[in-house]
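Reviewing the structure listed below.
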Amino acid sequence: RLQRSQTKAALTDEEVEKMCDDILILFDYLQEKDIFEKYYKQHLAKRLLGSKAHKSDHEQLFLSKLKAGHGNTYTSHMTGMFNDIKQSEESMAIYRDHLKSNETKLLVDMSIQVLTQGHWPLGEPPKLTVPVELHTPADHFTNYYRKKHNGRKLTFCYNLGHADMKLVVGDRKYEVNVSTYQAIILLLYNDQEVLSLADVQKATGIDVKDLKRALTGLFTGRFKQYSPILKRDKSAAANATDDPKAITITPQTTFRYNPDFTSKLFRIKIAPAQAREAPEEAKETVARVEDERKHITECAIVRIMKARKKLKHQDLIGELMSQLSSRFNPQPSFLKQRIEDLIGREYLRRHPDDRASYEYLA
């Protein structure tokens, strides 16, 4: 609602404040706050990279309240995400001045956001064949950046970007906002009128699942606002309906440029088909959280034992429960496993005269 309110009746400052407070009251009842953090960071990253969320006072207010209630450790990566976006804006302004002073003109005006890998839930950037329209300005910025920041490495995540393109249909001109994947697909139609899914995949290297989502947004359209940019050959598909939920796309399915494209709007935003989290992806997310829990728990054990030198089992369990409860509710059996693992790696040992106590090994 905080996001939707920007396009509807604006909330008053008092309403926003109360809403944030109500959300944090519910948040305090969560037992697995680390899983909430994982999903919140993913959605925050999408908002920051896809809109002007970093300029929203609502986002900043909620984050400040979250930090006040649960500490800087919990919100440090989120704060770093906001800082990265702000610094990127400043860096791009300096870079554009550099281009202007050197009278350098690139194929496209590319806005690049330099993100700190440790702050963002980015994952491994997918491999793809980048068209010259994109990799030329990307290479130019990379050379410029390396001269200013020696030793740093840039990896471009084209799967997270978006593009504004000019679409000319006869004597009509439009501006189309699409994902970077969709832009790469549309650039192919400058030279071809008809391409199959296999053709597009071979030319771009985009993963088939992502490719199908990108294409679905291009050939479905919003018929009350604009017609599809591409037309799908229904005879080559297993299902001839225009319902995206029922669409089956095979490698032989062909997509044709639509010369009859029309739109009531000059500026059009075309999003890929939404990807819902599959059960396998949800399991992977939980598995990553569990791995992080192991690391956080072991760090807490070492930190406590380094300070106390010797501690009884129940006292160590009690301190761990107290320290870790702000992120998740650890089970005693889980804590015992982490202690045993650290004993095996010779961080701790059982006291020779008291088997219920542990000693820290420097």
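Scheme for the structure tokens: letters A, B, ... for chains in order shown; per-chain residue numbers from 1; ligand numbers from 1 in order shown.
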All residues 12 Å or closer to region 140-142 of chain A, only C-alpha atoms, same chain fewer than 3 positions away omitted, as a PDB file with N, CA and C atoms, in the first residue's frame:
```
ATOM      1  N   SER A  91      27.963   9.218  -9.616  1.00  0.00           N
ATOM      2  CA  SER A  91      29.026   8.760 -10.512  1.00  0.00           C
ATOM      3  C   SER A  91      28.628   8.927 -11.973  1.00  0.00           C
ATOM      4  N   MET A  92      27.358   8.638 -12.296  1.00  0.00           N
ATOM      5  CA  MET A  92      26.906   8.772 -13.676  1.00  0.00           C
ATOM      6  C   MET A  92      26.884  10.231 -14.123  1.00  0.00           C
ATOM      7  N   ILE A  94      29.015  12.523 -13.124  1.00  0.00           N
ATOM      8  CA  ILE A  94      30.422  12.831 -13.413  1.00  0.00           C
ATOM      9  C   ILE A  94      30.844  12.192 -14.737  1.00  0.00           C
ATOM     10  N   TYR A  95      30.385  10.949 -14.976  1.00  0.00           N
ATOM     11  CA  TYR A  95      30.739  10.245 -16.215  1.00  0.00           C
ATOM     12  C   TYR A  95      30.165  10.965 -17.436  1.00  0.00           C
ATOM     13  N   ARG A  96      28.945  11.449 -17.338  1.00  0.00           N
ATOM     14  CA  ARG A  96      28.346  12.165 -18.469  1.00  0.00           C
ATOM     15  C   ARG A  96      29.073  13.480 -18.735  1.00  0.00           C
ATOM     16  N   HIS A  98      32.211  13.843 -18.213  1.00  0.00           N
ATOM     17  CA  HIS A  98      33.442  13.369 -18.865  1.00  0.00           C
ATOM     18  C   HIS A  98      33.205  13.136 -20.365  1.00  0.00           C
ATOM     19  N   LEU A  99      32.091  12.510 -20.705  1.00  0.00           N
ATOM     20  CA  LEU A  99      31.760  12.272 -22.112  1.00  0.00           C
ATOM     21  C   LEU A  99      31.580  13.586 -22.864  1.00  0.00           C
ATOM     22  N   THR A 104      32.553  12.797 -26.659  1.00  0.00           N
ATOM     23  CA  THR A 104      32.389  11.385 -26.983  1.00  0.00           C
ATOM     24  C   THR A 104      30.902  11.065 -27.112  1.00  0.00           C
ATOM     25  N   LYS A 105      30.519  10.461 -28.218  1.00  0.00           N
ATOM     26  CA  LYS A 105      29.143  10.055 -28.434  1.00  0.00           C
ATOM     27  C   LYS A 105      29.085   8.532 -28.544  1.00  0.00           C
ATOM     28  N   LEU A 106      28.230   7.925 -27.713  1.00  0.00           N
ATOM     29  CA  LEU A 106      28.074   6.471 -27.706  1.00  0.00           C
ATOM     30  C   LEU A 106      26.832   6.074 -28.494  1.00  0.00           C
ATOM     31  N   LEU A 107      26.734   4.780 -28.810  1.00  0.00           N
ATOM     32  CA  LEU A 107      25.599   4.291 -29.587  1.00  0.00           C
ATOM     33  C   LEU A 107      24.284   4.509 -28.855  1.00  0.00           C
ATOM     34  N   VAL A 108      24.297   4.300 -27.540  1.00  0.00           N
ATOM     35  CA  VAL A 108      23.100   4.519 -26.723  1.00  0.00           C
ATOM     36  C   VAL A 108      23.512   5.228 -25.441  1.00  0.00           C
ATOM     37  N   ASP A 109      22.564   5.909 -24.843  1.00  0.00           N
ATOM     38  CA  ASP A 109      22.791   6.554 -23.553  1.00  0.00           C
ATOM     39  C   ASP A 109      22.504   5.522 -22.472  1.00  0.00           C
ATOM     40  N   MET A 110      23.553   4.988 -21.882  1.00  0.00           N
ATOM     41  CA  MET A 110      23.402   3.920 -20.895  1.00  0.00           C
ATOM     42  C   MET A 110      23.616   4.465 -19.489  1.00  0.00           C
ATOM     43  N   SER A 111      22.664   4.214 -18.611  1.00  0.00           N
ATOM     44  CA  SER A 111      22.791   4.583 -17.202  1.00  0.00           C
ATOM     45  C   SER A 111      23.180   3.333 -16.424  1.00  0.00           C
ATOM     46  N   ILE A 112      24.325   3.392 -15.768  1.00  0.00           N
ATOM     47  CA  ILE A 112      24.888   2.210 -15.110  1.00  0.00           C
ATOM     48  C   ILE A 112      24.903   2.419 -13.601  1.00  0.00           C
ATOM     49  N   GLN A 113      24.415   1.424 -12.884  1.00  0.00           N
ATOM     50  CA  GLN A 113      24.414   1.451 -11.421  1.00  0.00           C
ATOM     51  C   GLN A 113      25.470   0.467 -10.921  1.00  0.00           C
ATOM     52  N   VAL A 114      26.453   0.986 -10.209  1.00  0.00           N
ATOM     53  CA  VAL A 114      27.525   0.151  -9.675  1.00  0.00           C
ATOM     54  C   VAL A 114      27.120  -0.320  -8.280  1.00  0.00           C
ATOM     55  N   VAL A 132      26.006  -5.328 -29.966  1.00  0.00           N
ATOM     56  CA  VAL A 132      26.986  -4.249 -30.012  1.00  0.00           C
ATOM     57  C   VAL A 132      26.410  -2.953 -29.454  1.00  0.00           C
ATOM     58  N   GLU A 133      25.096  -2.762 -29.602  1.00  0.00           N
ATOM     59  CA  GLU A 133      24.469  -1.534 -29.082  1.00  0.00           C
ATOM     60  C   GLU A 133      24.633  -1.404 -27.571  1.00  0.00           C
ATOM     61  N   LEU A 134      24.792  -2.544 -26.877  1.00  0.00           N
ATOM     62  CA  LEU A 134      24.940  -2.511 -25.421  1.00  0.00           C
ATOM     63  C   LEU A 134      26.381  -2.696 -24.968  1.00  0.00           C
ATOM     64  N   HIS A 135      27.096  -3.630 -25.593  1.00  0.00           N
ATOM     65  CA  HIS A 135      28.437  -3.902 -25.045  1.00  0.00           C
ATOM     66  C   HIS A 135      29.438  -2.795 -25.377  1.00  0.00           C
ATOM     67  N   THR A 136      29.208  -2.018 -26.440  1.00  0.00           N
ATOM     68  CA  THR A 136      30.137  -0.918 -26.743  1.00  0.00           C
ATOM     69  C   THR A 136      30.127   0.148 -25.652  1.00  0.00           C
ATOM     70  N   PRO A 137      28.958   0.696 -25.255  1.00  0.00           N
ATOM     71  CA  PRO A 137      28.971   1.659 -24.143  1.00  0.00           C
ATOM     72  C   PRO A 137      29.375   1.026 -22.814  1.00  0.00           C
ATOM     73  N   TYR A 145      35.947   3.390 -15.663  1.00  0.00           N
ATOM     74  CA  TYR A 145      35.830   3.069 -14.233  1.00  0.00           C
ATOM     75  C   TYR A 145      37.129   2.474 -13.692  1.00  0.00           C
ATOM     76  N   ARG A 146      37.779   1.620 -14.473  1.00  0.00           N
ATOM     77  CA  ARG A 146      39.014   0.981 -14.013  1.00  0.00           C
ATOM     78  C   ARG A 146      40.142   1.988 -13.834  1.00  0.00           C
ATOM     79  N   LYS A 147      40.145   3.024 -14.642  1.00  0.00           N
ATOM     80  CA  LYS A 147      41.168   4.066 -14.484  1.00  0.00           C
ATOM     81  C   LYS A 147      40.975   4.841 -13.188  1.00  0.00           C
ATOM     82  N   LYS A 148      39.732   4.999 -12.770  1.00  0.00           N
ATOM     83  CA  LYS A 148      39.443   5.738 -11.535  1.00  0.00           C
ATOM     84  C   LYS A 148      39.510   4.854 -10.300  1.00  0.00           C
ATOM     85  N   HIS A 149      39.250   3.546 -10.463  1.00  0.00           N
ATOM     86  CA  HIS A 149      39.224   2.619  -9.327  1.00  0.00           C
ATOM     87  C   HIS A 149      40.073   1.400  -9.686  1.00  0.00           C
ATOM     88  N   ASN A 150      41.337   1.518  -9.511  1.00  0.00           N
ATOM     89  CA  ASN A 150      42.264   0.447  -9.875  1.00  0.00           C
ATOM     90  C   ASN A 150      42.027  -0.793  -9.018  1.00  0.00           C
ATOM     91  N   GLY A 151      41.936  -1.948  -9.672  1.00  0.00           N
ATOM     92  CA  GLY A 151      41.783  -3.204  -8.951  1.00  0.00           C
ATOM     93  C   GLY A 151      40.355  -3.686  -8.821  1.00  0.00           C
ATOM     94  N   ARG A 152      39.393  -2.836  -9.098  1.00  0.00           N
ATOM     95  CA  ARG A 152      37.995  -3.249  -8.992  1.00  0.00           C
ATOM     96  C   ARG A 152      37.543  -3.945 -10.276  1.00  0.00           C
ATOM     97  N   LYS A 153      36.628  -4.894 -10.107  1.00  0.00           N
ATOM     98  CA  LYS A 153      36.118  -5.656 -11.247  1.00  0.00           C
ATOM     99  C   LYS A 153      34.632  -5.386 -11.416  1.00  0.00           C
ATOM    100  N   LEU A 154      34.212  -5.119 -12.631  1.00  0.00           N
ATOM    101  CA  LEU A 154      32.802  -4.907 -12.943  1.00  0.00           C
ATOM    102  C   LEU A 154      32.244  -6.120 -13.673  1.00  0.00           C
ATOM    103  N   THR A 155      31.089  -6.590 -13.222  1.00  0.00           N
ATOM    104  CA  THR A 155      30.362  -7.659 -13.905  1.00  0.00           C
ATOM    105  C   THR A 155      28.964  -7.141 -14.212  1.00  0.00           C
ATOM    106  N   PHE A 156      28.594  -7.119 -15.477  1.00  0.00           N
ATOM    107  CA  PHE A 156      27.310  -6.540 -15.863  1.00  0.00           C
ATOM    108  C   PHE A 156      26.189  -7.574 -15.713  1.00  0.00           C
TER     109      PHE A 156
END
```
For this session: Run DSSP on the backbone and grab whatever in region 152-302 of chain A lands in alpha helix (DSSP H); send it over as a ChimeraX atom specification.
Result: /A:180-188,197-204,208-220,279-302
For this session: Write out as a ChimeraX atom specification all residues of region 104-317 of chain A that DSSP puts in strand (DSSP E or B) for this structure's backbone.
Result: /A:162-169,172-179,194-196,222,226,230-232,254-257,263,267-269,310-312
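Distances from A:Lys209, A:Lys18, A:Arg350, A:Arg232 to Lys65 (chain A) were compared using only C-alpha atoms, and the smallest one belongs to A:Lys18.
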Exercise. Region 25-30 of chain A: which residues within 12 Å, counting only C-alpha atoms, same-chain residues fewer than 2 positions away excluded, as a PyMOL selection string?
Worked result: chain A and resi 18-23+32-37+40+62+65-66+69-70+325-329
